[in-house]
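Asks: So here's target.cif (mmCIF, C-alpha atoms and all ligand atoms).
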data_structure
loop_
_atom_site.group_PDB
_atom_site.id
_atom_site.type_symbol
_atom_site.label_atom_id
_atom_site.label_comp_id
_atom_site.auth_asym_id
_atom_site.auth_seq_id
_atom_site.Cartn_x
_atom_site.Cartn_y
_atom_site.Cartn_z
ATOM 1 C CA MET A 26 0.000 0.000 0.000
ATOM 2 C CA ILE A 27 1.259 3.435 -0.944
ATOM 3 C CA LEU A 28 -0.426 6.286 0.846
ATOM 4 C CA SER A 29 -0.296 10.058 0.564
ATOM 5 C CA ILE A 30 -1.716 12.321 3.231
ATOM 6 C CA VAL A 31 -2.826 15.573 1.655
ATOM 7 C CA PRO A 32 -3.873 18.560 3.757
ATOM 8 C CA VAL A 33 -6.862 20.327 2.205
ATOM 9 C CA GLY A 34 -6.135 23.893 3.224
ATOM 10 C CA ARG A 35 -4.165 24.593 6.386
ATOM 11 C CA ILE A 36 -3.770 21.751 8.880
ATOM 12 C CA ASP A 37 -1.332 21.891 11.813
ATOM 13 C CA SER A 38 1.790 19.915 11.031
ATOM 14 C CA ASP A 39 1.692 18.142 14.404
ATOM 15 C CA ILE A 40 -1.712 16.695 13.478
ATOM 16 C CA LEU A 41 -0.366 15.468 10.142
ATOM 17 C CA CYS A 42 2.844 14.044 11.614
ATOM 18 C CA ARG A 43 0.956 12.214 14.328
ATOM 19 C CA LEU A 44 -1.437 10.750 11.756
ATOM 20 C CA GLN A 45 1.490 9.760 9.562
ATOM 21 C CA HIS A 46 3.071 7.938 12.485
ATOM 22 C CA ASP A 47 -0.144 6.246 13.647
ATOM 23 C CA LEU A 48 -1.063 5.068 10.133
ATOM 24 C CA SER A 49 2.428 3.644 9.706
ATOM 25 C CA MET A 50 1.777 1.507 12.798
ATOM 26 C CA VAL A 51 -1.525 0.221 11.412
ATOM 27 C CA PHE A 52 -0.682 -0.335 7.758
ATOM 28 C CA SER A 53 3.047 -0.969 7.976
ATOM 29 C CA VAL A 54 3.815 1.757 5.459
ATOM 30 C CA GLU A 55 5.352 5.178 5.743
ATOM 31 C CA PRO A 56 2.674 7.530 4.436
ATOM 32 C CA GLN A 57 3.936 10.635 2.677
ATOM 33 C CA ILE A 58 2.661 14.057 3.655
ATOM 34 C CA VAL A 59 2.339 15.967 0.400
ATOM 35 C CA GLU A 60 1.848 19.627 -0.539
ATOM 36 C CA PRO A 61 -1.457 21.050 0.682
ATOM 37 C CA LEU A 62 -4.348 21.598 -1.678
ATOM 38 C CA PRO A 63 -5.896 25.096 -1.648
ATOM 39 C CA GLU A 64 -8.447 26.101 0.978
ATOM 40 C CA PRO A 65 -11.715 24.505 -0.203
ATOM 41 C CA SER A 66 -13.763 27.709 -0.506
ATOM 42 C CA TYR A 67 -15.242 26.236 -3.720
ATOM 43 C CA ALA A 68 -16.951 23.574 -1.575
ATOM 44 C CA PHE A 69 -18.397 25.903 1.090
ATOM 45 C CA ASP A 70 -22.170 26.027 1.469
ATOM 46 C CA SER A 71 -22.986 29.253 3.311
ATOM 47 C CA GLU A 72 -26.520 28.148 4.200
ATOM 48 C CA ARG A 73 -25.296 24.980 5.887
ATOM 49 C CA ASN A 74 -22.033 26.521 7.080
ATOM 50 C CA GLN A 75 -20.390 23.292 5.960
ATOM 51 C CA TYR A 76 -18.245 21.994 3.137
ATOM 52 C CA SER A 77 -19.421 19.625 0.429
ATOM 53 C CA ALA A 78 -17.467 16.405 0.901
ATOM 54 C CA GLU A 79 -18.182 15.414 -2.685
ATOM 55 C CA SER A 80 -16.732 18.628 -4.145
ATOM 56 C CA ILE A 81 -13.511 18.210 -2.190
ATOM 57 C CA LEU A 82 -13.292 14.510 -3.071
ATOM 58 C CA GLU A 83 -13.568 15.434 -6.719
ATOM 59 C CA VAL A 84 -10.474 17.613 -6.422
ATOM 60 C CA ILE A 85 -8.592 14.909 -4.522
ATOM 61 C CA THR A 86 -9.584 12.322 -7.128
ATOM 62 C CA SER A 87 -8.274 14.561 -9.888
ATOM 63 C CA GLN A 88 -4.859 14.333 -8.201
ATOM 64 C CA ALA A 89 -4.892 10.546 -8.504
ATOM 65 C CA GLN A 90 -3.139 10.142 -11.838
ATOM 66 C CA ASP A 91 -1.463 6.901 -12.859
ATOM 67 C CA ASP A 92 1.896 7.833 -11.407
ATOM 68 C CA THR A 93 0.545 9.036 -8.070
ATOM 69 C CA PRO A 94 0.296 6.859 -4.964
ATOM 70 C CA LYS A 95 -2.303 4.142 -4.721
ATOM 71 C CA ARG A 96 -4.352 5.777 -1.966
ATOM 72 C CA ILE A 97 -4.848 9.418 -1.055
ATOM 73 C CA LEU A 98 -6.139 10.580 2.309
ATOM 74 C CA GLY A 99 -7.321 14.189 2.427
ATOM 75 C CA VAL A 100 -7.542 15.925 5.805
ATOM 76 C CA VAL A 101 -9.681 19.034 6.156
ATOM 77 C CA SER A 102 -10.501 21.262 9.125
ATOM 78 C CA GLY A 103 -13.970 22.312 7.947
ATOM 79 C CA ASP A 104 -17.163 20.419 8.768
ATOM 80 C CA LEU A 105 -18.307 18.107 5.945
ATOM 81 C CA TYR A 106 -21.715 17.125 4.608
ATOM 82 C CA VAL A 107 -23.177 14.967 1.895
ATOM 83 C CA PRO A 108 -26.688 15.770 0.614
ATOM 84 C CA GLU A 109 -28.433 12.932 2.499
ATOM 85 C CA LEU A 110 -26.811 13.518 5.895
ATOM 86 C CA ASN A 111 -26.435 16.367 8.387
ATOM 87 C CA PHE A 112 -22.720 15.771 8.526
ATOM 88 C CA VAL A 113 -20.078 13.133 7.850
ATOM 89 C CA PHE A 114 -16.799 12.418 9.626
ATOM 90 C CA GLY A 115 -15.310 11.249 6.344
ATOM 91 C CA VAL A 116 -15.966 9.911 2.861
ATOM 92 C CA ALA A 117 -14.310 7.618 0.331
ATOM 93 C CA LEU A 118 -14.588 7.315 -3.411
ATOM 94 C CA GLY A 119 -12.395 4.842 -5.234
ATOM 95 C CA LYS A 120 -8.850 5.392 -4.051
ATOM 96 C CA ALA A 121 -9.565 8.883 -2.737
ATOM 97 C CA THR A 122 -10.573 9.374 0.887
ATOM 98 C CA LEU A 123 -11.269 12.422 3.029
ATOM 99 C CA VAL A 124 -11.677 13.007 6.753
ATOM 100 C CA SER A 125 -12.721 16.123 8.632
ATOM 101 C CA ILE A 126 -11.227 16.926 12.016
ATOM 102 C CA ALA A 127 -13.946 19.479 12.879
ATOM 103 C CA ARG A 128 -16.109 17.211 15.030
ATOM 104 C CA LEU A 129 -13.271 15.157 16.490
ATOM 105 C CA ARG A 130 -12.178 17.738 19.025
ATOM 106 C CA GLN A 131 -13.723 17.705 22.483
ATOM 107 C CA GLU A 132 -13.918 21.505 22.260
ATOM 108 C CA PHE A 133 -16.506 21.159 19.473
ATOM 109 C CA TYR A 134 -18.889 19.905 22.173
ATOM 110 C CA GLY A 135 -17.843 22.443 24.808
ATOM 111 C CA LEU A 136 -15.653 19.879 26.596
ATOM 112 C CA PRO A 137 -12.038 20.270 27.793
ATOM 113 C CA VAL A 138 -9.204 19.603 25.337
ATOM 114 C CA ASN A 139 -8.105 15.967 25.098
ATOM 115 C CA ASN A 140 -5.392 15.612 22.496
ATOM 116 C CA GLY A 141 -4.922 11.867 22.960
ATOM 117 C CA LEU A 142 -8.582 11.265 22.207
ATOM 118 C CA PHE A 143 -8.477 13.726 19.319
ATOM 119 C CA HIS A 144 -5.584 11.908 17.620
ATOM 120 C CA LYS A 145 -7.175 8.515 18.254
ATOM 121 C CA ARG A 146 -10.377 9.698 16.574
ATOM 122 C CA ILE A 147 -8.520 11.000 13.526
ATOM 123 C CA LEU A 148 -6.764 7.651 13.139
ATOM 124 C CA THR A 149 -10.043 5.744 13.531
ATOM 125 C CA GLU A 150 -11.792 7.799 10.868
ATOM 126 C CA ALA A 151 -8.790 7.578 8.535
ATOM 127 C CA VAL A 152 -8.527 3.782 8.840
ATOM 128 C CA HIS A 153 -12.298 3.499 8.287
ATOM 129 C CA GLU A 154 -12.201 5.469 5.042
ATOM 130 C CA LEU A 155 -9.076 3.668 3.850
ATOM 131 C CA GLY A 156 -10.920 0.392 4.541
ATOM 132 C CA HIS A 157 -13.658 1.597 2.173
ATOM 133 C CA SER A 158 -11.014 2.461 -0.407
ATOM 134 C CA TYR A 159 -10.103 -1.237 -0.462
ATOM 135 C CA GLY A 160 -13.740 -2.176 -0.941
ATOM 136 C CA LEU A 161 -14.782 -2.950 2.636
ATOM 137 C CA LYS A 162 -18.423 -2.187 3.473
ATOM 138 C CA HIS A 163 -19.843 -1.198 6.842
ATOM 139 C CA CYS A 164 -19.595 -3.875 9.507
ATOM 140 C CA MET A 165 -22.283 -4.792 12.055
ATOM 141 C CA ASP A 166 -19.728 -5.261 14.842
ATOM 142 C CA PRO A 167 -19.722 -2.076 16.964
ATOM 143 C CA ASP A 168 -16.129 -2.813 18.028
ATOM 144 C CA CYS A 169 -14.870 -2.917 14.434
ATOM 145 C CA VAL A 170 -13.376 0.140 12.760
ATOM 146 C CA MET A 171 -15.691 -0.478 9.774
ATOM 147 C CA PHE A 172 -18.826 0.046 11.922
ATOM 148 C CA PHE A 173 -20.675 3.152 10.747
ATOM 149 C CA SER A 174 -20.230 6.052 13.178
ATOM 150 C CA ARG A 175 -23.378 8.077 13.658
ATOM 151 C CA THR A 176 -21.855 9.831 16.636
ATOM 152 C CA LEU A 177 -18.493 10.042 18.327
ATOM 153 C CA LEU A 178 -19.698 7.482 20.865
ATOM 154 C CA ASN A 179 -19.508 4.950 18.007
ATOM 155 C CA THR A 180 -16.079 6.216 16.967
ATOM 156 C CA ASP A 181 -14.693 6.087 20.503
ATOM 157 C CA ARG A 182 -16.047 2.613 21.131
ATOM 158 C CA LYS A 183 -14.780 0.977 17.969
ATOM 159 C CA GLY A 184 -11.251 2.394 17.762
ATOM 160 C CA SER A 185 -8.979 1.705 14.802
ATOM 161 C CA ASP A 186 -8.847 -2.125 14.801
ATOM 162 C CA PHE A 187 -10.605 -4.302 12.217
ATOM 163 C CA CYS A 188 -12.702 -7.216 13.502
ATOM 164 C CA GLY A 189 -11.621 -10.721 12.526
ATOM 165 C CA ARG A 190 -14.011 -10.902 9.570
ATOM 166 C CA CYS A 191 -13.013 -7.518 8.142
ATOM 167 C CA ASN A 192 -9.369 -8.346 8.727
ATOM 168 C CA THR A 193 -9.812 -11.531 6.677
ATOM 169 C CA LYS A 194 -11.672 -9.599 3.981
ATOM 170 C CA MET A 195 -8.876 -7.059 3.822
ATOM 171 C CA HIS A 196 -6.417 -9.901 3.248
ATOM 172 C CA ARG A 197 -8.562 -11.151 0.377
ATOM 173 C CA LEU A 198 -8.975 -7.701 -1.147
ATOM 174 C CA GLN A 199 -5.268 -7.132 -0.819
ATOM 175 C CA SER A 200 -4.552 -10.417 -2.577
ATOM 176 C CA ALA A 201 -6.741 -9.239 -5.439
ATOM 177 C CA ALA A 202 -4.822 -5.981 -5.562
ATOM 178 C CA SER A 203 -1.608 -5.480 -7.459
ATOM 179 C CA PRO A 204 1.441 -7.554 -6.430
ATOM 180 C CA SER A 205 3.242 -4.494 -5.099
ATOM 181 C CA GLU A 206 0.379 -3.846 -2.694
ATOM 182 C CA LYS A 207 0.319 -7.426 -1.424
ATOM 183 C CA GLN A 208 3.661 -7.282 0.304
ATOM 184 C CA ASP A 209 2.759 -4.353 2.482
ATOM 185 C CA TRP A 210 -0.179 -5.920 4.195
ATOM 186 C CA MET A 211 0.175 -6.974 7.801
ATOM 187 C CA PRO A 212 -2.453 -8.384 10.144
ATOM 188 C CA PHE A 213 -3.965 -5.935 12.577
ATOM 189 C CA SER A 214 -5.169 -8.139 15.369
ATOM 190 C CA PRO A 215 -2.144 -8.310 17.652
ATOM 191 C CA LEU A 216 -1.516 -4.634 17.363
ATOM 192 C CA SER A 217 -2.959 -2.161 19.782
ATOM 193 C CA LEU A 218 -1.872 1.418 19.871
ATOM 194 C CA THR A 219 -1.544 3.362 23.042
ATOM 195 C CA PHE A 220 -2.728 6.925 23.117
ATOM 196 C CA VAL A 221 -1.790 9.345 25.797
ATOM 197 C CA SER A 222 -3.675 12.530 26.454
HETATM 198 ZN ZN ZN B 301 -18.140 4.266 6.250
HETATM 199 ZN ZN ZN B 302 -15.703 -5.694 10.922
#
What would you get if you wrote out this structure as structure tokens?

Replies:
Amino acid sequence: MILSIVPVGRIDSDILCRLQHDLSMVFSVEPQIVEPLPEPSYAFDSERNQYSAESILEVITSQAQDDTPKRILGVVSGDLYVPELNFVFGVALGKATLVSIARLRQEFYGLPVNNGLFHKRILTEAVHELGHSYGLKHCMDPDCVMFFSRTLLNTDRKGSDFCGRCNTKMHRLQSAASPSEKQDWMPFSPLSLTFVS
């Protein structure tokens, strides 16, 4: 798996570096942090005070030429929506994925800062969307990273680990992927990351 992390607009470098590190622990790759895309003012809906996830994904997808990395993960600070939902934590389309950090901070809910939790949530949402990019669907197991998060309670419960079934599916999907992607896959199960606040 080759992975680029692309900031969409300005994102603190410590957030990106932490995500880069945490994803390297999960996927056994060293994701690249690439040049930021412009601020997504083109995607802003002033009535909703949110950004269209689809519009931003379109721009990210347009970056995915043949010679670019296999997967792209966009990170944006603005709150995202898709037409059918009030908000989304992230979206995936083909090899392009996007997560918003807006609702992952405790401060969004008037609660005290908790950086450990914040970083854990970003990783969880990123792994979830990257799972979709390999063709995984939503999982019924609330402890699996592929469970659909309606609220942060779901996100905090599931964490960034795949359940046994999704882990097996990922192996299969990886085997169907190109030979260069096969070698990078490692099982998730024994791995648990520790987050400090
Ligand atoms: Zn999903
Ligand atoms: Zn699962």

Asks: Show me which residues sit within 7 Å of ligand ZN 301 (chain B) when counting all atoms listed in the file, and put them as a count of residues only.

Replies: 7

Asks: Could you please determine the separation between atom CA of A:Ile97 and atom CA of A:Leu28 in Å, to one decimal place?

Replies: 5.7 Å

Asks: Specify as a ChimeraX atom specification each residue included when the PyMOL selection byres (((chain A and resi 166) around 10) and not hetatm) is applied to this file.

Replies: /A:163-165,167-173,183,187-188,190-191

Asks: Taking the point (1.0, 7.0, 5.9) as given in the file, collect each protein or nucleic acid residue that comes within 7 Å of it, counting only C-alpha atoms, and present the set as a ChimeraX atom specification.

Replies: /A:28-30,45-46,48-49,54-57

Asks: Take the residues from that selection and write them out as a short mmCIF file (atom, residue, chain, number, x, y, z; two decimals), in the coordinates of the input, keeping C-alpha atoms.

Replies:
data_model
loop_
_atom_site.label_atom_id
_atom_site.label_comp_id
_atom_site.auth_asym_id
_atom_site.auth_seq_id
_atom_site.Cartn_x
_atom_site.Cartn_y
_atom_site.Cartn_z
CA LEU A 28 -0.43 6.29 0.85
CA SER A 29 -0.30 10.06 0.56
CA ILE A 30 -1.72 12.32 3.23
CA GLN A 45 1.49 9.76 9.56
CA HIS A 46 3.07 7.94 12.48
CA LEU A 48 -1.06 5.07 10.13
CA SER A 49 2.43 3.64 9.71
CA VAL A 54 3.82 1.76 5.46
CA GLU A 55 5.35 5.18 5.74
CA PRO A 56 2.67 7.53 4.44
CA GLN A 57 3.94 10.64 2.68
#

Asks: Which is closer to A:Asp47 than all the others in A:Val107, A:Ile126, A:Leu148, A:Val31, using all atoms listed in the file?

Replies: A:Leu148

Asks: Expressed in Å to a single decimal, how great is the separation between atom CA of A:Asp186 and atom CA of A:Ala201?

Replies: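 Distance reported for this atom pair: 21.6 Å.
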